[in-house]
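Next comes input-v5.cif, a file with mmCIF, C-alpha atoms and all ligand atoms.
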data_run
#
loop_
_atom_site.label_atom_id
_atom_site.label_comp_id
_atom_site.auth_asym_id
_atom_site.auth_seq_id
_atom_site.Cartn_x
_atom_site.Cartn_y
_atom_site.Cartn_z
CA MET F 1 0.00 0.00 0.00
CA SER F 2 1.44 3.36 -0.99
CA ASN F 3 1.83 6.15 1.50
CA SER F 4 -0.66 8.37 -0.34
CA ASN F 5 -3.45 6.12 0.92
CA VAL F 6 -2.55 6.82 4.53
CA ARG F 7 -5.07 9.31 5.88
CA TYR F 8 -4.04 8.89 9.49
CA PRO F 9 -0.27 8.39 9.76
CA PHE F 10 1.00 6.74 12.92
CA LEU F 11 3.42 9.59 13.47
CA ASP F 12 4.34 12.44 11.16
CA LEU F 13 7.14 14.33 12.92
CA ARG F 14 7.47 16.85 10.12
CA LYS F 15 3.87 17.86 10.63
CA ALA F 16 3.97 17.60 14.43
CA ASP F 17 7.01 19.90 14.61
CA ALA F 18 6.12 22.36 11.85
CA HIS F 19 5.10 25.06 14.34
CA LEU F 20 8.49 24.72 16.07
CA HIS F 21 10.85 24.78 13.09
CA GLY F 22 11.81 28.43 13.56
CA ARG F 23 12.51 28.08 17.29
CA LEU F 24 14.41 24.81 16.85
CA ALA F 25 16.61 26.38 14.18
CA GLU F 26 17.28 29.37 16.46
CA ALA F 27 18.30 27.06 19.29
CA ALA F 28 20.72 25.17 17.03
CA ALA F 29 22.09 28.46 15.66
CA ARG F 30 22.77 29.65 19.22
CA VAL F 31 25.07 26.65 19.77
CA ILE F 32 26.77 27.10 16.40
CA SER F 33 27.56 30.73 17.09
CA SER F 34 28.77 29.93 20.62
CA GLY F 35 31.65 27.83 19.29
CA ARG F 36 31.10 25.43 22.22
CA TYR F 37 30.24 22.09 20.63
CA ILE F 38 30.75 19.64 23.48
CA GLY F 39 29.22 20.13 26.93
CA GLY F 40 28.93 23.70 28.16
CA LYS F 41 26.04 25.85 29.35
CA GLU F 42 23.30 24.35 27.17
CA VAL F 43 23.88 20.90 28.63
CA GLU F 44 24.25 22.17 32.21
CA ARG F 45 21.09 24.22 31.90
CA LEU F 46 19.11 21.22 30.66
CA GLU F 47 20.44 19.03 33.48
CA GLU F 48 19.38 21.65 36.03
CA ARG F 49 16.01 22.03 34.40
CA MET F 50 15.38 18.29 34.46
CA CYS F 51 16.24 18.23 38.18
CA VAL F 52 13.72 21.00 38.81
CA LEU F 53 11.10 19.31 36.64
CA THR F 54 11.42 15.89 38.28
CA GLY F 55 12.75 16.64 41.75
CA ALA F 56 15.88 14.52 41.19
CA ALA F 57 18.97 15.55 43.15
CA SER F 58 21.38 15.19 40.21
CA ALA F 59 21.34 14.72 36.46
CA ALA F 60 23.90 13.72 33.85
CA GLY F 61 23.30 13.99 30.13
CA THR F 62 24.17 10.98 27.96
CA GLY F 63 24.28 10.21 24.26
CA ASN F 64 20.97 8.29 24.35
CA GLY F 65 18.50 6.55 26.64
CA LEU F 66 20.14 3.13 26.50
CA ASP F 67 23.44 4.66 27.62
CA ALA F 68 21.67 6.48 30.45
CA LEU F 69 20.54 3.07 31.75
CA ARG F 70 23.77 1.20 31.13
CA LEU F 71 26.11 3.89 32.49
CA ALA F 72 23.91 4.27 35.57
CA LEU F 73 23.97 0.52 36.21
CA ARG F 74 27.72 0.34 35.66
CA ALA F 75 28.10 3.25 38.09
CA CYS F 76 26.09 1.26 40.65
CA VAL F 77 28.51 -1.64 40.30
CA ILE F 78 31.54 0.66 40.61
CA GLU F 79 30.05 2.31 43.68
CA GLY F 80 29.34 -1.06 45.29
CA LEU F 81 25.57 -0.54 45.29
CA LEU F 82 25.31 -3.68 43.13
CA LYS F 83 27.79 -6.39 42.27
CA GLU F 84 28.20 -8.55 39.19
CA GLY F 85 25.75 -11.43 39.18
CA ASP F 86 23.11 -9.59 41.25
CA GLU F 87 19.60 -9.96 39.90
CA VAL F 88 17.47 -7.09 38.70
CA VAL F 89 13.72 -7.53 38.33
CA VAL F 90 12.69 -6.31 34.87
CA PRO F 91 9.25 -6.56 33.26
CA ALA F 92 9.50 -8.99 30.35
CA ASN F 93 7.27 -6.88 28.08
CA THR F 94 9.69 -4.01 27.68
CA TYR F 95 11.76 -2.53 24.92
CA ILE F 96 14.98 -4.52 24.66
CA ALA F 97 17.09 -1.57 25.87
CA SER F 98 15.98 -2.17 29.48
CA VAL F 99 17.38 -5.71 29.38
CA LEU F 100 20.50 -4.79 27.37
CA ALA F 101 21.49 -2.31 30.06
CA VAL F 102 21.21 -4.95 32.78
CA THR F 103 23.30 -7.58 31.00
CA ASP F 104 25.82 -4.97 29.85
CA ALA F 105 26.62 -4.16 33.48
CA GLY F 106 27.21 -7.84 34.31
CA LEU F 107 23.90 -8.08 36.16
CA VAL F 108 21.23 -10.72 35.66
CA PRO F 109 17.76 -9.74 34.46
CA LYS F 110 14.95 -11.48 36.33
CA LEU F 111 12.15 -11.19 33.81
CA VAL F 112 8.62 -11.09 35.19
CA ASP F 113 5.19 -10.85 33.63
CA PRO F 114 3.52 -7.44 33.93
CA ASP F 115 0.20 -6.76 35.56
CA GLU F 116 -2.41 -7.79 33.02
CA SER F 117 -4.46 -4.59 33.21
CA THR F 118 -1.78 -1.88 33.35
CA MET F 119 0.71 -3.87 31.22
CA CYS F 120 3.37 -2.60 33.67
CA LEU F 121 5.47 -4.13 36.44
CA SER F 122 3.51 -4.25 39.70
CA GLY F 123 4.38 -4.71 43.35
CA GLU F 124 2.80 -8.17 43.22
CA GLY F 125 5.05 -9.04 40.27
CA VAL F 126 8.07 -7.92 42.28
CA ARG F 127 6.94 -9.91 45.33
CA LYS F 128 6.77 -13.15 43.33
CA ALA F 129 10.24 -12.54 41.89
CA LEU F 130 11.99 -11.77 45.19
CA SER F 131 14.92 -13.92 46.26
CA PRO F 132 18.14 -13.25 48.16
CA LYS F 133 19.83 -12.65 44.79
CA VAL F 134 17.44 -9.88 43.76
CA LYS F 135 19.10 -6.59 44.67
CA ALA F 136 17.33 -4.15 42.38
CA ILE F 137 14.12 -3.57 40.46
CA MET F 138 13.61 -1.77 37.18
CA PRO F 139 10.10 -0.40 36.85
CA VAL F 140 9.63 0.50 33.18
CA HIS F 141 6.99 3.21 32.84
CA LEU F 142 5.77 1.57 29.67
CA TYR F 143 3.62 3.54 27.24
CA GLY F 144 4.03 6.54 29.57
CA ARG F 145 2.27 4.95 32.56
CA VAL F 146 3.96 5.11 35.95
CA ALA F 147 4.82 1.61 37.13
CA TRP F 148 4.69 2.24 40.86
CA ASP F 149 2.39 1.17 43.65
CA ALA F 150 2.37 1.02 47.45
CA THR F 151 3.37 -2.67 47.48
CA MET F 152 6.39 -1.99 45.27
CA ALA F 153 7.45 0.91 47.50
CA ASP F 154 7.09 -1.21 50.66
CA LEU F 155 9.04 -4.13 49.16
CA ALA F 156 11.82 -1.82 47.95
CA ARG F 157 12.19 -0.39 51.46
CA GLU F 158 11.83 -3.68 53.34
CA HIS F 159 14.34 -5.52 51.16
CA ASP F 160 16.63 -2.57 50.55
CA LEU F 161 16.23 -2.85 46.77
CA LEU F 162 17.78 -0.34 44.45
CA VAL F 163 15.05 1.18 42.26
CA ILE F 164 16.18 2.03 38.73
CA GLU F 165 13.40 3.48 36.60
CA ASP F 166 13.35 3.12 32.86
CA ALA F 167 11.59 6.44 32.34
CA ALA F 168 12.39 6.59 28.62
CA GLN F 169 8.70 6.84 27.68
CA SER F 170 7.37 8.77 30.63
CA ILE F 171 8.77 12.29 30.94
CA GLY F 172 6.28 14.34 32.96
CA ALA F 173 4.39 11.35 34.38
CA ALA F 174 3.86 11.22 38.14
CA THR F 175 2.44 9.03 40.87
CA PRO F 176 0.21 10.54 43.56
CA LEU F 177 1.75 8.01 46.00
CA GLY F 178 5.13 9.74 46.09
CA GLY F 179 8.37 7.83 45.61
CA MET F 180 11.30 6.60 47.67
CA PHE F 181 12.49 10.19 48.13
CA HIS F 182 10.51 13.43 48.01
CA SER F 183 9.40 13.26 44.38
CA GLY F 184 6.69 11.24 42.69
CA THR F 185 7.74 12.30 39.19
CA ALA F 186 8.91 9.63 36.74
CA GLY F 187 12.69 9.35 36.74
CA ALA F 188 13.00 10.59 40.33
CA ILE F 189 10.66 8.14 42.08
CA GLY F 190 13.45 5.69 42.82
CA HIS F 191 17.21 5.94 43.26
CA ILE F 192 17.97 6.32 39.56
CA GLY F 193 15.96 7.10 36.44
CA ALA F 194 16.84 7.09 32.76
CA ILE F 195 15.23 9.44 30.26
CA SER F 196 15.37 9.12 26.47
CA PHE F 197 15.01 12.05 24.12
CA TYR F 198 14.82 9.83 21.04
CA PRO F 199 12.88 11.83 18.43
CA THR F 200 9.61 9.91 18.76
CA LYS F 201 9.49 10.16 22.57
CA ASN F 202 7.11 12.68 24.16
CA VAL F 203 10.00 15.16 24.39
CA GLY F 204 12.35 14.40 21.55
CA ALA F 205 15.67 15.70 20.23
CA ILE F 206 16.47 15.90 16.52
CA GLY F 207 18.79 12.94 16.96
CA ASP F 208 19.86 10.81 19.90
CA ALA F 209 20.02 12.09 23.48
CA GLY F 210 19.39 10.81 26.98
CA MET F 211 19.78 11.65 30.65
CA ILE F 212 20.45 9.98 33.97
CA LEU F 213 18.50 11.34 36.92
CA THR F 214 19.39 10.25 40.41
CA ASN F 215 18.81 10.86 44.08
CA ILE F 216 22.29 9.46 44.82
CA PRO F 217 24.61 12.26 43.69
CA GLN F 218 27.67 9.96 43.63
CA VAL F 219 26.00 7.84 40.92
CA ALA F 220 25.78 10.93 38.70
CA VAL F 221 29.44 11.76 39.34
CA THR F 222 30.60 8.24 38.47
CA ALA F 223 28.28 7.89 35.46
CA ARG F 224 29.48 11.25 34.15
CA ALA F 225 33.09 10.11 34.40
CA LEU F 226 32.20 6.81 32.66
CA ALA F 227 30.55 8.75 29.85
CA ASN F 228 33.69 10.80 29.40
CA TYR F 229 36.31 8.05 28.75
CA GLY F 230 36.23 7.16 32.43
CA SER F 231 38.09 10.32 33.35
CA ASP F 232 37.51 12.33 36.51
CA ARG F 233 39.64 15.15 35.18
CA ARG F 234 41.48 15.82 31.97
CA TYR F 235 43.80 12.99 30.87
CA HIS F 236 43.22 11.14 34.12
CA ASN F 237 41.26 7.94 33.54
CA ILE F 238 40.04 6.17 36.63
CA TYR F 239 37.68 3.80 34.73
CA ARG F 240 37.79 2.07 31.35
CA GLY F 241 35.05 4.31 30.09
CA PHE F 242 33.01 5.31 27.08
CA ASN F 243 32.17 8.35 25.06
CA SER F 244 28.47 9.09 25.52
CA ARG F 245 27.69 12.74 26.09
CA LEU F 246 24.59 14.80 25.55
CA ASP F 247 25.22 17.00 22.51
CA PRO F 248 24.71 20.74 23.19
CA ILE F 249 22.68 21.23 20.00
CA GLN F 250 20.34 18.49 21.18
CA ALA F 251 20.25 20.08 24.66
CA ALA F 252 19.21 23.40 23.14
CA ILE F 253 16.54 21.70 21.00
CA ILE F 254 15.19 19.76 23.99
CA GLY F 255 15.02 23.04 25.93
CA VAL F 256 12.65 24.46 23.32
CA ARG F 257 10.48 21.39 23.40
CA LEU F 258 10.30 21.27 27.19
CA GLU F 259 8.51 24.62 27.11
CA GLU F 260 5.63 22.70 25.55
CA LEU F 261 5.64 19.80 27.99
CA GLU F 262 2.40 20.77 29.73
CA GLU F 263 0.59 21.19 26.42
CA ILE F 264 2.01 17.93 25.09
CA CYS F 265 0.76 16.06 28.17
CA ARG F 266 -2.65 17.74 28.05
CA GLU F 267 -3.18 17.02 24.36
CA ARG F 268 -2.04 13.39 24.62
CA GLU F 269 -4.45 12.98 27.53
CA ALA F 270 -7.25 14.53 25.46
CA ILE F 271 -6.63 12.19 22.53
CA ALA F 272 -6.41 9.18 24.87
CA ARG F 273 -9.74 10.16 26.49
CA ILE F 274 -11.41 10.39 23.10
CA TYR F 275 -10.25 6.86 22.24
CA SER F 276 -11.31 5.54 25.64
CA ARG F 277 -14.77 7.12 25.38
CA SER F 278 -15.38 6.39 21.70
CA ILE F 279 -14.00 2.92 21.03
CA SER F 280 -16.64 0.34 21.86
CA ASN F 281 -15.87 -2.76 19.86
CA PRO F 282 -16.47 -6.01 21.79
CA HIS F 283 -13.34 -7.49 20.18
CA VAL F 284 -11.10 -4.69 21.45
CA LYS F 285 -9.76 -4.18 24.96
CA LEU F 286 -8.80 -0.64 25.96
CA PRO F 287 -5.89 0.40 28.19
CA ALA F 288 -6.71 0.60 31.91
CA LEU F 289 -8.16 3.94 32.96
CA THR F 290 -5.90 6.20 34.96
CA THR F 291 -7.04 7.44 38.34
CA SER F 292 -4.86 10.53 38.69
CA PRO F 293 -4.02 13.26 36.18
CA ARG F 294 -0.42 12.42 35.25
CA GLU F 295 -0.45 8.70 36.04
CA SER F 296 0.12 8.29 32.32
CA VAL F 297 1.51 10.72 29.77
CA TRP F 298 0.21 8.43 27.00
CA HIS F 299 3.42 7.88 25.10
CA GLN F 300 1.43 5.16 23.37
CA TYR F 301 -2.28 4.39 23.35
CA VAL F 302 -2.26 0.60 23.20
CA ILE F 303 -5.35 -1.50 22.55
CA ARG F 304 -5.49 -5.30 22.63
CA THR F 305 -7.31 -7.87 20.56
CA PRO F 306 -6.81 -11.54 19.73
CA HIS F 307 -7.51 -10.44 16.12
CA ARG F 308 -4.62 -7.98 16.13
CA ASP F 309 -3.15 -8.77 12.72
CA ALA F 310 -6.59 -8.73 11.06
CA LEU F 311 -7.43 -5.42 12.74
CA ARG F 312 -4.13 -3.92 11.66
CA GLU F 313 -4.71 -4.99 8.04
CA TYR F 314 -8.28 -3.69 8.15
CA LEU F 315 -7.10 -0.34 9.54
CA ILE F 316 -4.43 0.15 6.90
CA GLY F 317 -7.12 -0.58 4.31
CA ARG F 318 -9.09 2.30 5.84
CA GLY F 319 -6.08 4.64 5.85
CA VAL F 320 -5.11 4.23 9.52
CA GLN F 321 -1.46 3.47 10.26
CA THR F 322 -0.70 1.68 13.51
CA ASP F 323 2.39 0.24 15.17
CA ILE F 324 3.22 -2.64 17.51
CA HIS F 325 5.12 -2.14 20.78
CA TYR F 326 6.51 -4.76 20.87
CA ALA F 327 5.94 -7.73 18.59
CA VAL F 328 8.83 -9.82 19.97
CA PRO F 329 9.76 -9.56 23.65
CA PRO F 330 13.46 -9.48 24.62
CA HIS F 331 13.60 -13.08 25.90
CA LEU F 332 12.57 -14.31 22.43
CA GLN F 333 15.16 -12.24 20.57
CA PRO F 334 18.11 -14.05 18.97
CA CYS F 335 20.62 -12.24 21.21
CA TYR F 336 18.98 -13.72 24.32
CA ILE F 337 18.65 -17.32 23.18
CA GLY F 338 19.22 -19.46 26.24
CA ILE F 339 18.53 -16.70 28.76
CA ARG F 340 16.97 -18.14 31.92
CA HIS F 341 13.41 -17.16 32.67
CA THR F 342 10.21 -18.52 34.19
CA PRO F 343 7.19 -18.96 31.88
CA LEU F 344 5.97 -15.54 30.69
CA PRO F 345 2.45 -16.19 29.37
CA VAL F 346 1.13 -12.64 29.87
CA THR F 347 4.08 -11.09 28.06
CA GLU F 348 3.83 -13.51 25.16
CA ARG F 349 0.08 -13.01 24.82
CA LEU F 350 0.48 -9.23 24.91
CA ALA F 351 3.10 -9.41 22.16
CA SER F 352 0.51 -11.06 19.92
CA GLU F 353 -2.39 -8.77 20.89
CA VAL F 354 -1.12 -5.20 21.34
CA LEU F 355 -1.68 -2.48 18.79
CA SER F 356 -0.61 1.16 19.18
CA LEU F 357 -2.90 3.85 17.77
CA PRO F 358 -1.72 7.27 16.56
CA VAL F 359 -1.56 9.62 19.55
CA THR F 360 1.08 12.30 18.88
CA PRO F 361 -0.22 15.90 19.13
CA GLY F 362 0.22 17.87 15.93
CA SER F 363 0.40 14.64 13.95
CA THR F 364 -2.96 13.29 15.15
CA SER F 365 -5.83 15.66 15.92
CA ARG F 366 -8.74 15.09 18.31
CA ASP F 367 -10.95 14.79 15.27
CA ASP F 368 -8.64 12.15 13.79
CA ALA F 369 -9.00 10.21 17.05
CA ARG F 370 -12.81 10.36 16.81
CA GLN F 371 -12.73 9.13 13.23
CA ILE F 372 -10.19 6.38 13.95
CA SER F 373 -12.44 5.24 16.84
CA GLU F 374 -15.42 4.96 14.50
CA ILE F 375 -13.39 3.00 12.00
CA ILE F 376 -12.32 0.61 14.77
CA ASN F 377 -15.93 0.24 15.90
CA GLU F 378 -16.85 -0.95 12.40
CA PHE F 379 -14.28 -3.75 12.56
CA ASN F 380 -15.66 -7.27 12.67
CA PRO F 381 -13.09 -10.10 12.52
CA LYS F 382 -15.68 -12.32 10.78
CA ASP F 383 -15.70 -9.96 7.79
CA GLU F 384 -11.93 -10.05 7.39
C1 LIG F 401 13.39 4.40 23.80
C2 LIG F 401 13.57 3.50 24.94
C3 LIG F 401 14.83 3.22 25.50
C4 LIG F 401 16.12 3.63 24.84
O1 LIG F 401 16.25 4.96 24.56
P1 LIG F 401 17.20 5.40 23.33
O2 LIG F 401 17.32 6.87 23.51
O3 LIG F 401 16.48 5.03 22.08
O4 LIG F 401 18.49 4.69 23.48
C5 LIG F 401 14.89 2.47 26.63
N1 LIG F 401 13.79 1.96 27.22
C6 LIG F 401 12.56 2.17 26.71
C7 LIG F 401 11.39 1.60 27.42
C8 LIG F 401 12.41 2.94 25.55
O5 LIG F 401 11.18 3.13 25.06
#

Go through the file and emit its structure as structure tokens.
Amino acid sequence: MSNSNVRYPFLDLRKADAHLHGRLAEAAARVISSGRYIGGKEVERLEERMCVLTGAASAAGTGNGLDALRLALRACVIEGLLKEGDEVVVPANTYIASVLAVTDAGLVPKLVDPDESTMCLSGEGVRKALSPKVKAIMPVHLYGRVAWDATMADLAREHDLLVIEDAAQSIGAATPLGGMFHSGTAGAIGHIGAISFYPTKNVGAIGDAGMILTNIPQVAVTARALANYGSDRRYHNIYRGFNSRLDPIQAAIIGVRLEELEEICREREAIARIYSRSISNPHVKLPALTTSPRESVWHQYVIRTPHRDALREYLIGRGVQTDIHYAVPPHLQPCYIGIRHTPLPVTERLASEVLSLPVTPGSTSRDDARQISEIINEFNPKDE
């Protein structure tokens, strides 16, 4: 099917960002005329701003979201907060980056099924996975929904678990319960959080960028050194490090986009509400309702149906592009053949049933969401 038949693209960044082109170009031009192309004020300013936004004590920019996770975990090992071979509870239905970061640091992912209704890690899931080897948990705020509950908080405290949030999809999300420290905002709920500014995320760069947030300032110091060839000062390398820094042009671009964060969250919420109110097809299951305003920032609006592939085909025939997050879970990827895990029936079923609808403001309008809902309501698997 040619692109011209797509009436409702899944995500058209060109269109979504058209109103920002002038301001984004100005931000990039500011860095070009500064002559400071690595680090500097733009990056520092963004790190400070992210601390204010989330309530984290410290922040360190990285080259991307995966590196934010892996450098943070490696810093935990260096600092003695974790040691090689320790187990980290990770929801099995995540993007592979969450698991890659764990294995990269010499840690062992303990994959668990998510809660069926929220599709996120739950306190009950953590409870079932606990063992003396489990030293950390990685709540992934999947699809923008905060994966945090009172049980998880209690278990983390009781068992002295390190809480590392994969907040790649959830900038601006918050739990009304509060976190381990003073903030309930995604990325600062636990000890460490990783943000991704990948272009399709709710706040995106025009390339790769990421950030570590932490309530343990020493983790930020160590991760920052790791990201800079392992050096604590010039030509003095205390670790065998990497090069993974947040580019100042990207920092300036992200700064522009952050000004819109409230609007982005509000509009995503509005589109999600339209879907939730308007879709009423007995074959389709909607995402769990949220009970507090920023419990989800709706990075994805994910419906479920056992007729997923038929629905997807039907929708493309009606001009609606969709996506699948994610069709193959990490434990079934070739790179993790042989990885140890308990049966993961919920994860595997979700992988065959989930379908993401267009939800990005500026690319998808409220009216589009109403029309897409009607098209979904006319779907009958028996006709396909
Ligand atoms: C995008 C994403 C990452 C990785 O971020 P990058 O910036 O693409 O490296 C990690 N975890 C999750 C859940 C993500 O969605």

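What separates CA of Gln218 (chain F) from CA of Tyr235 (chain F) is a distance of 20.8 Å.
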
Within 8 Å of ligand LIG 401 (chain F), counting all atoms listed in the file, which protein or nucleic acid residues do you find, written as a PyMOL selection string? chain F and resi 63-69+94-98+140-143+166-169+194-198+201+208-210

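Closest approach to Arg308 (chain F) among F:Glu374, F:Asp368, F:Asp113, F:Glu384: F:Glu384, based on all atoms listed in the file.
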
Determine, counting all atoms listed in the file, which protein, DNA and RNA residues have an atom within 12 Å of an atom of Glu44 (chain F); residues of the same chain fewer than 2 positions away are not included. Present the result as a PyMOL selection string. chain F and resi 38-42+46-51+58-62+211+245-248+251-252+255

Tell me, as number ranges by chain, which residues lie within 8 Å of Asn228 (chain F), counting only C-alpha atoms; anything in the same chain fewer than 5 positions away does not count. F: 241-245

Would you kindly return, as a PDB file with C-alpha atoms, keeping the file's coordinate frame, each protein, DNA or RNA residue with an atom no farther than 12 Å from any atom of Ile279 (chain F), considering only C-alpha atoms and excluding same-chain residues fewer than 4 positions away?
ATOM      1  CA  ILE F 271      -6.630  12.190  22.530  1.00  0.00           C
ATOM      2  CA  ALA F 272      -6.410   9.180  24.870  1.00  0.00           C
ATOM      3  CA  ARG F 273      -9.740  10.160  26.490  1.00  0.00           C
ATOM      4  CA  ILE F 274     -11.410  10.390  23.100  1.00  0.00           C
ATOM      5  CA  TYR F 275     -10.250   6.860  22.240  1.00  0.00           C
ATOM      6  CA  HIS F 283     -13.340  -7.490  20.180  1.00  0.00           C
ATOM      7  CA  VAL F 284     -11.100  -4.690  21.450  1.00  0.00           C
ATOM      8  CA  LYS F 285      -9.760  -4.180  24.960  1.00  0.00           C
ATOM      9  CA  LEU F 286      -8.800  -0.640  25.960  1.00  0.00           C
ATOM     10  CA  PRO F 287      -5.890   0.400  28.190  1.00  0.00           C
ATOM     11  CA  ILE F 303      -5.350  -1.500  22.550  1.00  0.00           C
ATOM     12  CA  ARG F 304      -5.490  -5.300  22.630  1.00  0.00           C
ATOM     13  CA  LEU F 357      -2.900   3.850  17.770  1.00  0.00           C
ATOM     14  CA  ALA F 369      -9.000  10.210  17.050  1.00  0.00           C
ATOM     15  CA  ARG F 370     -12.810  10.360  16.810  1.00  0.00           C
ATOM     16  CA  GLN F 371     -12.730   9.130  13.230  1.00  0.00           C
ATOM     17  CA  ILE F 372     -10.190   6.380  13.950  1.00  0.00           C
ATOM     18  CA  SER F 373     -12.440   5.240  16.840  1.00  0.00           C
ATOM     19  CA  GLU F 374     -15.420   4.960  14.500  1.00  0.00           C
ATOM     20  CA  ILE F 375     -13.390   3.000  12.000  1.00  0.00           C
ATOM     21  CA  ILE F 376     -12.320   0.610  14.770  1.00  0.00           C
ATOM     22  CA  ASN F 377     -15.930   0.240  15.900  1.00  0.00           C
ATOM     23  CA  GLU F 378     -16.850  -0.950  12.400  1.00  0.00           C
ATOM     24  CA  PHE F 379     -14.280  -3.750  12.560  1.00  0.00           C
TER      25      PHE F 379
END

Residues within 12 Å of (-13.5, -12.3, 14.8), file coordinates, counting only C-alpha atoms: what are they? Give the list as a PyMOL selection string. chain F and resi 281-284+305-311+379-384

Could you rebuild region 199-205 of chain F with all heavy atoms and give me the result as a PDB file, keeping the file's coordinate frame?
ATOM      1  N   PRO F 199      13.832  10.901  19.057  1.00  0.00           N
ATOM      2  CA  PRO F 199      12.880  11.830  18.430  1.00  0.00           C
ATOM      3  C   PRO F 199      11.386  11.506  18.578  1.00  0.00           C
ATOM      4  O   PRO F 199      10.565  12.420  18.604  1.00  0.00           O
ATOM      5  CB  PRO F 199      13.295  11.793  16.948  1.00  0.00           C
ATOM      6  CG  PRO F 199      14.751  11.460  16.981  1.00  0.00           C
ATOM      7  CD  PRO F 199      14.934  10.542  18.156  1.00  0.00           C
ATOM      8  N   THR F 200      11.042  10.224  18.673  1.00  0.00           N
ATOM      9  CA  THR F 200       9.610   9.910  18.760  1.00  0.00           C
ATOM     10  C   THR F 200       9.085   9.896  20.203  1.00  0.00           C
ATOM     11  O   THR F 200       7.906   9.668  20.429  1.00  0.00           O
ATOM     12  CB  THR F 200       9.306   8.528  18.146  1.00  0.00           C
ATOM     13  OG1 THR F 200      10.022   7.538  18.884  1.00  0.00           O
ATOM     14  CG2 THR F 200       9.729   8.475  16.683  1.00  0.00           C
ATOM     15  N   LYS F 201       9.956  10.121  21.175  1.00  0.00           N
ATOM     16  CA  LYS F 201       9.490  10.160  22.570  1.00  0.00           C
ATOM     17  C   LYS F 201       8.686  11.432  22.808  1.00  0.00           C
ATOM     18  O   LYS F 201       8.693  12.344  21.979  1.00  0.00           O
ATOM     19  CB  LYS F 201      10.692  10.066  23.529  1.00  0.00           C
ATOM     20  CG  LYS F 201      11.518   8.789  23.350  1.00  0.00           C
ATOM     21  CD  LYS F 201      10.827   7.530  23.915  1.00  0.00           C
ATOM     22  CE  LYS F 201      11.276   6.261  23.262  1.00  0.00           C
ATOM     23  NZ  LYS F 201      12.474   5.641  23.786  1.00  0.00           N
ATOM     24  N   ASN F 202       8.000  11.517  23.950  1.00  0.00           N
ATOM     25  CA  ASN F 202       7.110  12.680  24.160  1.00  0.00           C
ATOM     26  C   ASN F 202       7.876  13.997  24.079  1.00  0.00           C
ATOM     27  O   ASN F 202       7.348  14.994  23.596  1.00  0.00           O
ATOM     28  CB  ASN F 202       6.407  12.580  25.513  1.00  0.00           C
ATOM     29  CG  ASN F 202       5.351  11.482  25.517  1.00  0.00           C
ATOM     30  OD1 ASN F 202       5.386  10.592  24.658  1.00  0.00           O
ATOM     31  ND2 ASN F 202       4.424  11.546  26.451  1.00  0.00           N
ATOM     32  N   VAL F 203       9.108  14.017  24.571  1.00  0.00           N
ATOM     33  CA  VAL F 203      10.000  15.160  24.390  1.00  0.00           C
ATOM     34  C   VAL F 203      11.221  14.629  23.643  1.00  0.00           C
ATOM     35  O   VAL F 203      12.021  13.892  24.205  1.00  0.00           O
ATOM     36  CB  VAL F 203      10.407  15.783  25.739  1.00  0.00           C
ATOM     37  CG1 VAL F 203      11.495  16.831  25.555  1.00  0.00           C
ATOM     38  CG2 VAL F 203       9.187  16.414  26.427  1.00  0.00           C
ATOM     39  N   GLY F 204      11.330  15.007  22.382  1.00  0.00           N
ATOM     40  CA  GLY F 204      12.350  14.400  21.550  1.00  0.00           C
ATOM     41  C   GLY F 204      13.378  15.398  21.044  1.00  0.00           C
ATOM     42  O   GLY F 204      13.085  16.580  20.846  1.00  0.00           O
ATOM     43  N   ALA F 205      14.601  14.907  20.844  1.00  0.00           N
ATOM     44  CA  ALA F 205      15.670  15.700  20.230  1.00  0.00           C
ATOM     45  C   ALA F 205      15.513  15.582  18.701  1.00  0.00           C
ATOM     46  O   ALA F 205      14.530  15.028  18.205  1.00  0.00           O
ATOM     47  CB  ALA F 205      17.022  15.168  20.677  1.00  0.00           C
TER      48      ALA F 205
END
